[in-house]
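The data block below is model-v2.txt; it holds compact mmCIF, C-alpha atoms.
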# COMPACT_ATOMS: atom_id res chain seq x y z
CA MET K 1 9.33 -60.81 -98.29
CA LYS K 2 7.87 -63.56 -96.19
CA ASP K 3 11.03 -65.39 -95.22
CA GLY K 4 12.51 -62.76 -92.91
CA PRO K 5 13.46 -64.08 -89.48
CA THR K 6 10.62 -64.18 -87.00
CA ALA K 7 10.39 -64.56 -83.27
CA PRO K 8 10.29 -68.09 -81.84
CA ILE K 9 6.82 -67.97 -80.37
CA VAL K 10 5.12 -70.85 -78.62
CA GLU K 11 1.40 -70.60 -78.01
CA ASN K 12 -1.15 -72.47 -75.97
CA VAL K 13 1.39 -73.40 -73.32
CA PHE K 14 0.00 -76.00 -70.90
CA GLY K 15 -3.14 -75.89 -73.00
CA ILE K 16 -3.97 -72.39 -71.81
CA SER K 17 -5.21 -70.45 -74.81
CA TRP K 18 -3.96 -66.98 -73.71
CA LEU K 19 -0.55 -68.09 -72.44
CA SER K 20 2.12 -67.56 -75.08
CA PHE K 21 5.87 -67.09 -74.86
CA ASP K 22 8.38 -65.47 -77.13
CA LEU K 23 11.23 -67.83 -76.31
CA SER K 24 13.96 -65.45 -77.50
CA ILE K 25 12.69 -62.72 -75.17
CA VAL K 26 12.42 -65.19 -72.29
CA MET K 27 15.98 -66.30 -72.92
CA MET K 28 17.26 -62.73 -73.22
CA VAL K 29 15.52 -61.66 -70.00
CA ILE K 30 17.19 -64.56 -68.22
CA ILE K 31 20.58 -63.75 -69.75
CA THR K 32 20.23 -60.08 -68.85
CA SER K 33 19.28 -60.97 -65.29
CA ILE K 34 22.29 -63.26 -64.97
CA VAL K 35 24.66 -60.63 -66.40
CA VAL K 36 23.33 -57.95 -64.06
CA LEU K 37 23.57 -60.37 -61.14
CA LEU K 38 27.16 -61.25 -61.98
CA ILE K 39 28.21 -57.61 -62.42
CA ALA K 40 26.58 -56.60 -59.16
CA ILE K 41 28.04 -59.51 -57.21
CA TRP K 42 31.45 -58.98 -58.78
CA GLY K 43 31.29 -55.31 -57.85
CA SER K 44 30.18 -55.81 -54.29
CA ARG K 45 32.21 -58.78 -53.12
CA ASN K 46 35.01 -58.22 -50.65
CA LEU K 47 33.76 -54.76 -49.73
CA GLN K 48 36.30 -52.49 -48.06
CA MET K 49 36.20 -49.21 -46.23
CA LYS K 50 38.91 -48.04 -48.61
CA PRO K 51 37.39 -48.98 -51.98
CA THR K 52 39.52 -50.25 -54.82
CA GLY K 53 38.95 -51.18 -58.45
CA VAL K 54 35.51 -52.44 -59.26
CA GLN K 55 34.09 -51.40 -55.89
CA ASN K 56 34.88 -47.82 -56.86
CA PHE K 57 32.85 -48.25 -60.01
CA MET K 58 29.89 -49.80 -58.18
CA GLU K 59 29.98 -47.02 -55.60
CA TRP K 60 29.98 -44.49 -58.39
CA VAL K 61 26.86 -46.16 -59.82
CA VAL K 62 25.23 -46.10 -56.39
CA GLU K 63 26.13 -42.42 -55.95
CA PHE K 64 24.74 -41.67 -59.41
CA VAL K 65 21.38 -43.33 -58.72
CA LYS K 66 21.36 -41.76 -55.27
CA GLY K 67 21.64 -38.44 -57.07
CA LEU K 68 18.57 -39.32 -59.17
CA VAL K 69 16.65 -40.22 -56.02
CA THR K 70 17.62 -37.10 -54.10
CA ASP K 71 16.76 -34.95 -57.13
CA THR K 72 13.12 -36.00 -56.88
CA MET K 73 12.55 -36.61 -53.17
CA ASP K 74 14.24 -36.30 -49.83
CA TRP K 75 16.78 -38.96 -48.98
CA LYS K 76 14.91 -40.26 -45.94
CA THR K 77 11.96 -41.31 -48.08
CA GLY K 78 14.00 -42.16 -51.13
CA ARG K 79 16.45 -44.46 -49.42
CA ALA K 80 14.03 -47.38 -49.77
CA PHE K 81 13.88 -46.89 -53.56
CA LEU K 82 17.61 -46.92 -54.17
CA PRO K 83 17.83 -50.70 -54.74
CA LEU K 84 14.91 -50.48 -57.18
CA GLY K 85 16.57 -47.66 -59.09
CA LEU K 86 19.90 -49.46 -59.16
CA THR K 87 18.36 -52.70 -60.42
CA LEU K 88 16.32 -50.82 -63.04
CA ILE K 89 19.21 -48.83 -64.46
CA MET K 90 21.51 -51.86 -64.55
CA PHE K 91 18.89 -54.13 -66.08
CA ILE K 92 17.88 -51.66 -68.79
CA LEU K 93 21.45 -50.64 -69.60
CA VAL K 94 22.63 -54.24 -69.83
CA SER K 95 19.69 -55.32 -71.98
CA ASN K 96 20.14 -52.31 -74.29
CA VAL K 97 23.82 -53.04 -74.71
CA LEU K 98 23.26 -56.79 -75.15
CA GLY K 99 20.96 -56.07 -78.10
CA MET K 100 23.56 -53.73 -79.58
CA VAL K 101 26.43 -56.19 -79.45
CA THR K 102 25.16 -58.79 -81.81
CA THR K 103 22.17 -60.63 -83.20
CA VAL K 104 21.70 -64.36 -83.55
CA ILE K 105 19.39 -65.86 -86.12
CA ILE K 106 18.95 -69.63 -86.21
CA ASN K 107 16.64 -71.24 -88.76
CA ASP K 108 15.08 -67.90 -89.58
CA LYS K 109 14.25 -67.38 -85.92
CA GLN K 110 15.82 -64.38 -84.23
CA TRP K 111 17.13 -65.55 -80.86
CA TRP K 112 19.41 -62.74 -79.75
CA THR K 113 17.85 -59.32 -79.40
CA ALA K 114 17.61 -56.61 -76.79
CA PRO K 115 14.77 -57.50 -74.39
CA THR K 116 14.01 -53.78 -74.31
CA ALA K 117 13.40 -53.83 -78.07
CA ASP K 118 10.21 -55.71 -77.26
CA ALA K 119 7.24 -53.45 -76.51
CA GLY K 120 5.71 -56.05 -74.21
CA ILE K 121 8.77 -56.09 -72.00
CA THR K 122 9.17 -52.32 -71.72
CA LEU K 123 5.47 -51.83 -71.06
CA THR K 124 5.64 -54.53 -68.41
CA LEU K 125 8.52 -52.71 -66.74
CA ALA K 126 6.66 -49.41 -66.98
CA ALA K 127 3.45 -50.91 -65.61
CA MET K 128 5.39 -52.49 -62.78
CA VAL K 129 6.91 -49.12 -61.90
CA VAL K 130 3.53 -47.38 -61.93
CA VAL K 131 1.94 -50.13 -59.85
CA LEU K 132 4.84 -49.88 -57.40
CA SER K 133 4.36 -46.13 -57.16
CA HIS K 134 0.70 -46.68 -56.20
CA TYR K 135 1.69 -49.38 -53.71
CA TYR K 136 4.24 -47.17 -52.00
CA GLY K 137 1.89 -44.19 -52.17
CA ILE K 138 -0.65 -46.11 -50.10
CA LYS K 139 1.99 -47.69 -47.86
CA LEU K 140 3.86 -44.50 -46.97
CA ARG K 141 1.05 -41.94 -46.88
CA GLY K 142 -2.00 -43.99 -46.01
CA PHE K 143 -5.01 -44.70 -48.23
CA LYS K 144 -6.75 -41.41 -47.42
CA ALA K 145 -3.84 -39.16 -48.38
CA TYR K 146 -3.20 -41.34 -51.40
CA GLY K 147 -6.83 -41.03 -52.54
CA LYS K 148 -6.82 -37.29 -51.97
CA GLY K 149 -3.95 -36.99 -54.42
CA PHE K 150 -6.36 -37.80 -57.24
CA PHE K 151 -8.53 -34.80 -56.42
CA ALA K 152 -5.75 -32.28 -55.95
CA PRO K 153 -5.66 -29.40 -56.46
CA ILE K 154 -9.41 -29.53 -57.30
CA TRP K 155 -11.86 -32.42 -57.79
CA ILE K 156 -12.32 -31.71 -61.48
CA MET K 157 -8.80 -33.02 -62.04
CA PHE K 158 -9.85 -36.56 -61.18
CA PRO K 159 -10.40 -37.87 -64.73
CA PHE K 160 -7.17 -36.34 -65.91
CA LYS K 161 -5.29 -37.90 -63.01
CA ILE K 162 -6.68 -41.31 -63.94
CA ILE K 163 -5.76 -40.84 -67.59
CA GLU K 164 -2.32 -39.61 -66.51
CA GLU K 165 -1.56 -42.95 -64.85
CA PHE K 166 -2.13 -44.78 -68.14
CA THR K 167 -0.30 -42.25 -70.28
CA ASN K 168 2.62 -42.36 -67.86
CA THR K 169 2.81 -46.12 -68.26
CA LEU K 170 2.54 -45.91 -72.04
CA THR K 171 5.06 -43.12 -72.53
CA LEU K 172 7.54 -44.63 -70.07
CA GLY K 173 7.42 -48.03 -71.76
CA LEU K 174 7.16 -46.93 -75.37
CA ARG K 175 9.94 -44.32 -75.10
CA LEU K 176 12.42 -47.00 -74.11
CA PHE K 177 11.05 -49.48 -76.63
CA GLY K 178 11.07 -46.96 -79.47
CA ASN K 179 14.64 -45.89 -78.95
CA ILE K 180 16.08 -49.38 -78.71
CA PHE K 181 13.87 -50.79 -81.44
CA ALA K 182 14.78 -47.97 -83.82
CA GLY K 183 18.42 -48.52 -82.98
CA GLY K 184 18.03 -52.16 -83.96
CA ILE K 185 16.32 -51.28 -87.25
CA LEU K 186 19.03 -48.84 -88.27
CA THR K 187 21.73 -51.36 -87.34
CA THR K 188 19.98 -53.86 -89.57
CA LEU K 189 19.77 -51.38 -92.43
CA VAL K 190 23.47 -50.56 -92.18
CA LEU K 191 24.18 -54.27 -92.02
CA GLY K 192 22.13 -54.68 -95.21
CA MET K 193 24.57 -52.47 -97.08
CA SER K 194 26.98 -55.40 -97.16
CA PHE K 195 24.60 -57.38 -99.36
CA ASN K 196 23.61 -56.68 -102.90
CA ALA K 197 20.09 -56.88 -104.24
CA ALA K 198 20.43 -60.57 -104.90
CA GLY K 199 21.36 -61.21 -101.28
CA ASP K 200 25.01 -62.03 -101.96
CA PHE K 201 27.84 -60.61 -99.87
CA SER K 202 29.41 -57.57 -101.50
CA ILE K 203 32.86 -56.40 -100.41
CA PHE K 204 32.23 -52.80 -101.55
CA GLY K 205 29.05 -52.62 -99.57
CA PHE K 206 30.86 -54.04 -96.54
CA ILE K 207 33.64 -51.46 -96.72
CA GLY K 208 31.09 -48.71 -97.26
CA SER K 209 29.15 -49.83 -94.20
CA ILE K 210 32.06 -49.80 -91.77
CA VAL K 211 32.03 -46.08 -90.98
CA PRO K 212 28.25 -45.71 -90.58
CA MET K 213 28.20 -48.89 -88.52
CA LEU K 214 30.87 -47.60 -86.13
CA ALA K 215 29.13 -44.25 -85.85
CA TRP K 216 25.75 -45.81 -85.23
CA GLN K 217 27.08 -48.32 -82.68
CA GLY K 218 28.71 -45.49 -80.77
CA PHE K 219 25.49 -43.53 -80.84
CA SER K 220 23.55 -46.63 -79.80
CA LEU K 221 25.76 -47.00 -76.76
CA PHE K 222 24.99 -43.39 -75.91
CA VAL K 223 21.26 -43.97 -76.42
CA ALA K 224 21.44 -47.14 -74.31
CA GLY K 225 22.87 -45.17 -71.41
CA ILE K 226 20.55 -42.19 -71.84
CA GLN K 227 17.45 -44.38 -72.02
CA ALA K 228 18.42 -46.33 -68.90
CA PHE K 229 19.03 -43.01 -67.16
CA ILE K 230 15.71 -41.50 -68.29
CA PHE K 231 13.71 -44.59 -67.36
CA THR K 232 15.20 -44.60 -63.86
CA LEU K 233 14.81 -40.85 -63.42
CA LEU K 234 11.14 -40.95 -64.47
CA THR K 235 10.56 -43.94 -62.20
CA MET K 236 11.84 -41.91 -59.27
CA LEU K 237 9.75 -38.94 -60.40
CA TYR K 238 6.52 -40.97 -60.55
CA LEU K 239 7.34 -42.54 -57.20
CA SER K 240 7.96 -39.14 -55.65
CA HIS K 241 4.62 -37.84 -56.98
CA LYS K 242 2.93 -40.60 -55.06
CA VAL K 243 4.96 -40.79 -51.86
CA VAL K 244 5.86 -37.15 -51.19
CA GLU K 245 3.27 -34.95 -49.48
CA GLU K 246 1.83 -32.47 -51.94
CA THR K 247 2.87 -28.92 -51.20
CA VAL K 248 0.91 -25.76 -51.92
CA ASP K 249 2.02 -25.51 -55.53
CA GLY K 250 1.01 -29.10 -56.20
CA HIS K 251 4.44 -30.71 -56.28
CA MET W 1 18.54 -66.41 -99.78
CA HIS W 2 17.96 -63.02 -98.22
CA LEU W 3 16.76 -60.00 -100.02
CA TYR W 4 17.82 -56.55 -98.92
CA SER W 5 14.30 -55.83 -97.81
CA ASP W 6 14.35 -58.90 -95.59
CA PHE W 7 16.71 -57.15 -93.25
CA LEU W 8 14.06 -54.56 -92.65
CA LEU W 9 11.98 -57.32 -91.20
CA ILE W 10 14.59 -58.44 -88.70
CA GLY W 11 13.98 -55.48 -86.47
CA ALA W 12 10.43 -54.98 -87.56
CA ASP W 13 9.13 -57.69 -85.27
CA VAL W 14 7.58 -55.45 -82.67
CA GLY W 15 6.93 -58.36 -80.36
CA GLY W 16 3.33 -58.11 -79.35
CA LEU W 17 2.03 -58.64 -75.87
CA HIS W 18 2.76 -62.19 -74.87
CA ILE W 19 1.41 -62.83 -71.39
CA GLY W 20 4.16 -65.38 -70.79
CA ASN W 21 6.86 -62.78 -71.50
CA MET W 22 5.30 -60.39 -69.05
CA ILE W 23 5.13 -62.99 -66.32
CA VAL W 24 8.74 -64.00 -66.95
CA MET W 25 9.81 -60.36 -66.97
CA ILE W 26 8.06 -59.50 -63.70
CA VAL W 27 9.21 -62.66 -61.93
CA PHE W 28 12.81 -62.29 -63.03
CA PHE W 29 12.97 -58.60 -62.29
CA LEU W 30 11.54 -58.95 -58.81
CA LEU W 31 13.78 -61.95 -58.16
CA LEU W 32 16.79 -59.95 -59.35
CA LEU W 33 15.74 -57.01 -57.20
CA ALA W 34 15.38 -59.21 -54.13
CA ILE W 35 18.70 -61.02 -54.62
CA LEU W 36 20.67 -57.88 -55.45
CA LYS W 37 19.16 -56.02 -52.53
CA LYS W 38 20.41 -58.77 -50.26
CA VAL W 39 23.83 -59.55 -51.74
CA ALA W 40 24.88 -56.37 -53.55
CA TRP W 41 23.04 -53.09 -52.95
CA GLY W 42 22.44 -53.65 -49.25
CA PRO W 43 26.07 -54.39 -48.33
CA LEU W 44 27.29 -51.69 -50.70
CA MET W 45 25.02 -49.05 -49.17
CA ASP W 46 26.00 -50.23 -45.70
CA VAL W 47 29.69 -49.87 -46.45
CA MET W 48 29.18 -46.43 -47.96
CA GLU W 49 27.14 -45.29 -45.00
CA GLU W 50 29.67 -46.79 -42.62
CA ARG W 51 32.43 -44.88 -44.39
CA GLU W 52 30.42 -41.66 -44.22
CA ASN W 53 29.97 -42.11 -40.49
CA PHE W 54 33.61 -43.11 -40.09
CA VAL W 55 34.85 -40.01 -41.90
CA ALA W 56 32.52 -37.74 -39.96
CA ASN W 57 33.66 -39.38 -36.75
CA GLU W 58 37.32 -39.08 -37.69
CA ILE W 59 36.92 -35.40 -38.46
CA GLU W 60 35.24 -34.90 -35.11
CA VAL W 61 37.99 -36.78 -33.28
CA ALA W 62 40.70 -34.87 -35.15
CA GLU W 63 39.04 -31.59 -34.26
CA LYS W 64 38.81 -32.64 -30.63
CA ASN W 65 42.45 -33.77 -30.60
CA ARG W 66 43.56 -30.50 -32.13
CA LYS W 67 41.73 -28.56 -29.44
CA GLU W 68 43.23 -30.73 -26.75
CA ALA W 69 46.72 -30.32 -28.16
CA GLU W 70 46.23 -26.57 -28.30
CA ALA W 71 45.13 -26.51 -24.68
CA ALA W 72 48.05 -28.72 -23.65
CA ALA W 73 50.55 -26.51 -25.49
CA LYS W 74 49.08 -23.44 -23.81
CA GLU W 75 49.34 -25.09 -20.42
CA ALA W 76 52.91 -26.23 -21.06
CA ASN W 77 53.84 -22.69 -22.10
CA ALA W 78 52.29 -21.23 -18.99
CA GLN W 79 54.07 -23.78 -16.85
CA LEU W 80 57.37 -23.06 -18.56
CA ASN W 81 56.97 -19.36 -17.96
CA GLN W 82 56.09 -19.97 -14.35
CA THR W 83 59.12 -22.19 -13.87
CA ARG W 84 61.34 -19.63 -15.52
CA GLU W 85 60.04 -16.94 -13.20
CA GLU W 86 60.57 -19.18 -10.21
CA ALA W 87 64.12 -19.92 -11.25
CA GLN W 88 64.80 -16.23 -11.73
CA LYS W 89 63.38 -15.51 -8.33
CA MET W 90 65.51 -18.24 -6.78
CA ILE W 91 68.64 -16.86 -8.39
CA ALA W 92 67.79 -13.38 -7.19
CA ASP W 93 67.11 -14.71 -3.72
CA ALA W 94 70.40 -16.61 -3.66
CA LYS W 95 72.23 -13.53 -4.84
CA GLY W 96 70.62 -11.44 -2.11
CA ALA W 97 71.42 -14.04 0.53
CA GLY W 98 75.02 -14.24 -0.68
CA GLU W 99 75.40 -10.50 -0.54
CA LYS W 100 73.92 -10.37 2.94
CA GLN W 101 76.20 -13.16 4.08
CA GLN W 102 79.17 -11.33 2.64
CA ALA W 103 78.21 -8.20 4.49
CA ASP W 104 77.69 -10.20 7.68
CA ILE W 105 81.09 -11.86 7.40
CA ILE W 106 82.81 -8.56 6.75
CA GLU W 107 80.96 -6.99 9.63
CA ALA W 108 81.84 -9.88 11.93
CA ALA W 109 85.50 -9.69 10.88
CA ARG W 110 85.52 -5.99 11.46
CA GLN W 111 84.02 -6.40 14.90
CA GLU W 112 86.45 -9.17 15.75
CA ALA W 113 89.33 -7.02 14.60
CA ALA W 114 88.08 -4.13 16.68
CA ARG W 115 87.72 -6.40 19.70
CA ILE W 116 91.21 -7.79 19.29
CA LYS W 117 92.56 -4.33 18.86
CA ALA W 118 90.81 -3.16 22.01
CA THR W 119 92.13 -6.10 24.01
CA ALA W 120 95.60 -5.49 22.71
CA THR W 121 95.42 -1.82 23.67
CA GLU W 122 94.23 -2.73 27.14
CA ASP W 123 97.02 -5.28 27.55
CA ILE W 124 99.55 -2.74 26.48
CA GLN W 125 98.15 -0.26 28.94
CA ASN W 126 98.32 -2.83 31.75
CA GLU W 127 101.82 -3.85 30.87
CA LYS W 128 102.83 -0.25 30.73
CA GLU W 129 101.34 0.47 34.12
CA LYS W 130 102.90 -2.66 35.54
CA ALA W 131 106.26 -1.63 34.16
CA LEU W 132 105.84 1.84 35.54
CA GLN W 133 104.96 0.44 38.93
CA GLU W 134 107.96 -1.80 38.89
CA LEU W 135 110.13 1.04 37.80
CA GLN W 136 108.67 3.22 40.52
CA ASP W 137 109.50 0.59 43.16
CA LYS W 138 112.93 0.07 41.80
CA VAL W 139 113.61 3.80 41.53
CA ALA W 140 112.51 4.30 45.15
CA SER W 141 114.83 1.75 46.65
CA LEU W 142 117.58 2.70 44.26
CA SER W 143 117.22 6.36 45.16
CA VAL W 144 117.28 5.52 48.83
CA LEU W 145 120.34 3.48 48.30
CA VAL W 146 121.96 6.16 46.26
CA ALA W 147 120.90 8.94 48.61
CA SER W 148 122.05 7.07 51.71
CA LYS W 149 125.30 6.44 50.01
CA VAL W 150 125.71 10.00 48.84
CA ILE W 151 124.29 11.79 51.82
CA GLU W 152 125.63 10.36 55.00
CA LYS W 153 122.73 11.91 56.75
CA GLU W 154 120.31 9.73 58.47
CA ILE W 155 116.80 10.14 57.24
CA ASN W 156 113.96 8.23 58.55
CA LEU W 157 112.22 5.97 56.16
CA GLU W 158 108.93 7.82 56.16
CA ASP W 159 110.33 11.13 55.18
CA GLN W 160 112.39 9.48 52.58
CA GLU W 161 109.38 7.73 51.10
CA ALA W 162 107.42 10.96 50.89
CA LEU W 163 110.30 12.69 49.29
CA ILE W 164 110.70 10.02 46.63
CA ASN W 165 107.02 9.92 45.83
CA ASP W 166 106.98 13.63 45.28
CA TYR W 167 109.90 13.32 43.09
CA ILE W 168 108.47 10.52 41.00
CA LYS W 169 105.20 12.40 40.61
CA GLU W 170 107.19 15.31 39.37
CA VAL W 171 108.97 13.04 36.96
CA GLY W 172 105.69 11.45 35.80
CA GLU W 173 104.01 14.81 35.20
CA GLY W 174 107.08 16.23 33.58
CA LYS W 175 107.08 13.44 31.12

Once you've parsed the file, please lay out its structure as C-alpha cells.
Amino acid sequence: MKDGPTAPIVENVFGISWLSFDLSIVMMVIITSIVVLLIAIWGSRNLQMKPTGVQNFMEWVVEFVKGLVTDTMDWKTGRAFLPLGLTLIMFILVSNVLGMVTTVIINDKQWWTAPTADAGITLTLAAMVVVLSHYYGIKLRGFKAYGKGFFAPIWIMFPFKIIEEFTNTLTLGLRLFGNIFAGGILTTLVLGMSFNAAGDFSIFGFIGSIVPMLAWQGFSLFVAGIQAFIFTLLTMLYLSHKVVEETVDGH
Amino acid sequence: MHLYSDFLLIGADVGGLHIGNMIVMIVFFLLLLAILKKVAWGPLMDVMEERENFVANEIEVAEKNRKEAEAAAKEANAQLNQTREEAQKMIADAKGAGEKQQADIIEAARQEAARIKATATEDIQNEKEKALQELQDKVASLSVLVASKVIEKEINLEDQEALINDYIKEVGEGK
C-alpha cells in the first residue's frame, strides 16, 4: 500500500521552512500556461476583417465569454473583465484536458497530472478571483459604496456577507478540484482493470476496460468543458456582485 | 510491483497547500493574463469591434445610397416626363405653324390669282375700248368715203361728223 506514486515535493526551499513546492504541479502550471499562450497567439495572429479558420474559432470563444459577461453585467462595465474571463476559461479547460490525456509516473513520482486536480491550485485561482472582485469593487464604485455593500439590505447581514466571501472562495475552488480529481480517480480505477491482483498485465482486463475507458474519457471531456464554463461564469457573477450598483431587490 | 489498490493512490494525492505552488500559480496566471491581453485578446477584441463598426457603417452607407438612388431615379423620371411634354408641345407647335403657313400660302396664291385676273380683265377692257375707238374712227372716214362716193351731194364736214356719230351710237346701243 505504501509504494503508490507520490507527488515530487521539495520542502524548505532556500532554507525557508514554510516554502514548499510540488514540482509536478509547478511544471504542469508552466506547461498549461505555454499551451494556452500558443493557442491564443496562434488564433490571433494575422487578424483579418474577414475571419478565416482559426480566427473564427477564437472569435467564437470571445463571443462565448462575452455572452457570459453580458449575462451578469452590462457590457460597458464588463468589457474590462473579458480578458480575465477568456484567460480563465482557456487555462482551466486546457489544464483539465491535459490531465485527461495521459499521466506520467517516473520513479514512483507522478509528474503529469491536471493542475486543476490539485486543491491548492484551484483554491488559489478561486481566492485570486474573489480578491480581484474586491479590488474592482473598490476601484469602480469607490470605497464607500463598496463598504455599504456589506450592510445591504440591512446591517444584520454583515456577518453573513463576510462568511459568504469565504464560502464563495471554497465552493468555487473545491467544485473545480472535486470534479477533475474525481475524474482522475475513476480513470485510474478503469486503468486498474487491466491488471490482475498480482499486478501483472491481463489481456482480458484490458479488453474489458476499453469501453468504460472510452465512455469515461468522453464524459471527462464534457466535465472539463462544463467546469471551465462554470468557473468563468461564477467569476463573472461574483465580479458583478461587487462592481454593479445594487438595485432595490438587492441584485 | 503494483497492486490493484495502488492505483487508487495515484489520484488520491490531494495535493495539500504548498505555498510555492500558489505563488507559481498566481505569478504565471497573471503573467499569462498580461501577455494574452496584449498580444491576443486585445487585438482580437479590437478587430471584432472594428468589424462591428464597419458593418454598421456599411449598412448606413448602403441605406444612404439607396435613398440617393431613389431620389435620382425620381428626378430622372420627372425630367423625362417634362422633356416628353416639351417635345409634344414642340411638335404641336410645329404642326400649327405649318398649317398656318399652308393657309397663308393658299391665301396669298388666291389673292395673287385674283389680282392677275383683275388686271387681265382691265387690260381686256382697255383693248376692247381701244379697238372700238379705232373701229369708230375707221368707220367714220370709211362712211364718209363711201357716202361721198355714193351720194354725189356735197355735205359739209361738220354735218357729216354729227350724222356719223349718231349712227355709231345707234349701232353701239343696238349691239

Could you list, with a cut-off of 7 Å and counting only C-alpha atoms, the residues of chain K near chain W, each shown with its nearest atom pair and the distance in Å rounded to one decimal, rows sorted by chain and ascending number, as CSV?
residue,atom,partner,partner_atom,distance
K:Met1,CA,W:Asp6,CA,6.0
K:Gly4,CA,W:Asp6,CA,5.0
K:Pro5,CA,W:Ile10,CA,5.8
K:Thr6,CA,W:Asp13,CA,6.9
K:Leu19,CA,W:Gly20,CA,5.7
K:Ser20,CA,W:Gly20,CA,5.2
K:Phe21,CA,W:Gly20,CA,4.7
K:Asp22,CA,W:Asn21,CA,6.4
K:Ile25,CA,W:Asn21,CA,6.9
K:Val26,CA,W:Asn21,CA,6.1
K:Val29,CA,W:Met25,CA,6.6
K:Ser33,CA,W:Leu32,CA,6.5
K:Leu37,CA,W:Leu36,CA,6.9
K:Ala40,CA,W:Ala40,CA,5.9
K:Ile41,CA,W:Ala40,CA,5.8
K:Ser44,CA,W:Ala40,CA,5.4
K:Met49,CA,W:Arg51,CA,6.0
K:Pro83,CA,W:Lys37,CA,5.9
K:Leu84,CA,W:Leu33,CA,6.6
K:Thr87,CA,W:Leu33,CA,6.0
K:Asp118,CA,W:Gly15,CA,5.2
K:Ala119,CA,W:Gly15,CA,6.2
K:Gly120,CA,W:Leu17,CA,4.8
K:Ile121,CA,W:Met22,CA,6.3
K:Thr124,CA,W:Met22,CA,5.9
K:Phe181,CA,W:Gly11,CA,6.9
K:Gly184,CA,W:Gly11,CA,5.8
K:Ile185,CA,W:Gly11,CA,4.9
K:Thr188,CA,W:Phe7,CA,5.9
K:Leu189,CA,W:Leu8,CA,6.5
K:Gly192,CA,W:Tyr4,CA,6.0
K:Phe195,CA,W:Tyr4,CA,6.8
K:Ala197,CA,W:Tyr4,CA,5.8
K:Ala198,CA,W:Leu3,CA,6.1
K:Gly199,CA,W:His2,CA,4.9

Excluding same-chain residues fewer than 4 positions from Ile164 in chain W, what lies within 9 Å of it counting only C-alpha atoms, as a short mmCIF file (atom, residue, chain, number, x, y, z; two decimals) with C-alpha atoms, in the frame of the given file?
data_model
loop_
_atom_site.label_atom_id
_atom_site.label_comp_id
_atom_site.auth_asym_id
_atom_site.auth_seq_id
_atom_site.Cartn_x
_atom_site.Cartn_y
_atom_site.Cartn_z
CA VAL W 139 113.61 3.80 41.53
CA ALA W 140 112.51 4.30 45.15
CA SER W 143 117.22 6.36 45.16
CA VAL W 144 117.28 5.52 48.83
CA ASP W 159 110.33 11.13 55.18
CA GLN W 160 112.39 9.48 52.58
CA ILE W 168 108.47 10.52 41.00
CA LYS W 169 105.20 12.40 40.61
#

Atom pair CA of Asp74 in chain K / CA of Phe91 in chain K: separation (Å): 24.6 Å

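Pairwise distance (CA of Thr77 in chain K, CA of Phe151 in chain K) equals 23.1 Å.
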
Local residues around (13.5, -41.5, -56.6), at most 10 Å away, using all atoms listed in the file, as number ranges by chain: K: 65-75, 77-82, 84-85, 232-241, 243

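Going from CA of Gln48 in chain K to CA of Ile34 in chain K covers 24.5 Å.
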
So that I can see what lies close to Gly99 in chain K, please list as a PDB file with C-alpha atoms, in the coordinates of the input the residues with an atom at most 9 Å from it, counting all atoms listed in the file and leaving out residues fewer than 6 positions away in the same chain.
ATOM      1  CA  TRP K 112      19.410 -62.740 -79.750  1.00  0.00           C
ATOM      2  CA  THR K 113      17.850 -59.320 -79.400  1.00  0.00           C
ATOM      3  CA  ALA K 114      17.610 -56.610 -76.790  1.00  0.00           C
ATOM      4  CA  PRO K 115      14.770 -57.500 -74.390  1.00  0.00           C
ATOM      5  CA  THR K 116      14.010 -53.780 -74.310  1.00  0.00           C
ATOM      6  CA  ALA K 117      13.400 -53.830 -78.070  1.00  0.00           C
ATOM      7  CA  ILE K 180      16.080 -49.380 -78.710  1.00  0.00           C
ATOM      8  CA  GLY K 184      18.030 -52.160 -83.960  1.00  0.00           C
TER       9      GLY K 184
END

Can you patch up range 51-58 of chain K, filling it in to N, CA, C and O atoms, and show the result as a compact mmCIF listing (two decimals), keeping the file's coordinate frame?
# COMPACT_ATOMS: atom_id res chain seq x y z
N PRO K 51 37.78 -48.23 -50.78
CA PRO K 51 37.39 -48.98 -51.98
C PRO K 51 38.50 -49.01 -53.03
O PRO K 51 39.27 -48.07 -53.17
N THR K 52 38.55 -50.13 -53.74
CA THR K 52 39.52 -50.25 -54.82
C THR K 52 38.81 -50.81 -56.04
O THR K 52 37.78 -51.47 -55.92
N GLY K 53 39.37 -50.56 -57.20
CA GLY K 53 38.95 -51.18 -58.45
C GLY K 53 37.46 -51.14 -58.69
O GLY K 53 36.84 -50.08 -58.75
N VAL K 54 36.89 -52.33 -58.82
CA VAL K 54 35.51 -52.44 -59.26
C VAL K 54 34.55 -51.92 -58.20
O VAL K 54 33.46 -51.45 -58.52
N GLN K 55 34.97 -51.95 -56.94
CA GLN K 55 34.09 -51.40 -55.89
C GLN K 55 33.91 -49.90 -56.09
O GLN K 55 32.82 -49.36 -55.88
N ASN K 56 34.98 -49.24 -56.53
CA ASN K 56 34.88 -47.82 -56.86
C ASN K 56 33.80 -47.57 -57.89
O ASN K 56 32.99 -46.66 -57.77
N PHE K 57 33.81 -48.41 -58.93
CA PHE K 57 32.85 -48.25 -60.01
C PHE K 57 31.43 -48.45 -59.47
O PHE K 57 30.53 -47.64 -59.74
N MET K 58 31.23 -49.53 -58.69
CA MET K 58 29.89 -49.80 -58.18
C MET K 58 29.43 -48.66 -57.28
O MET K 58 28.27 -48.28 -57.30
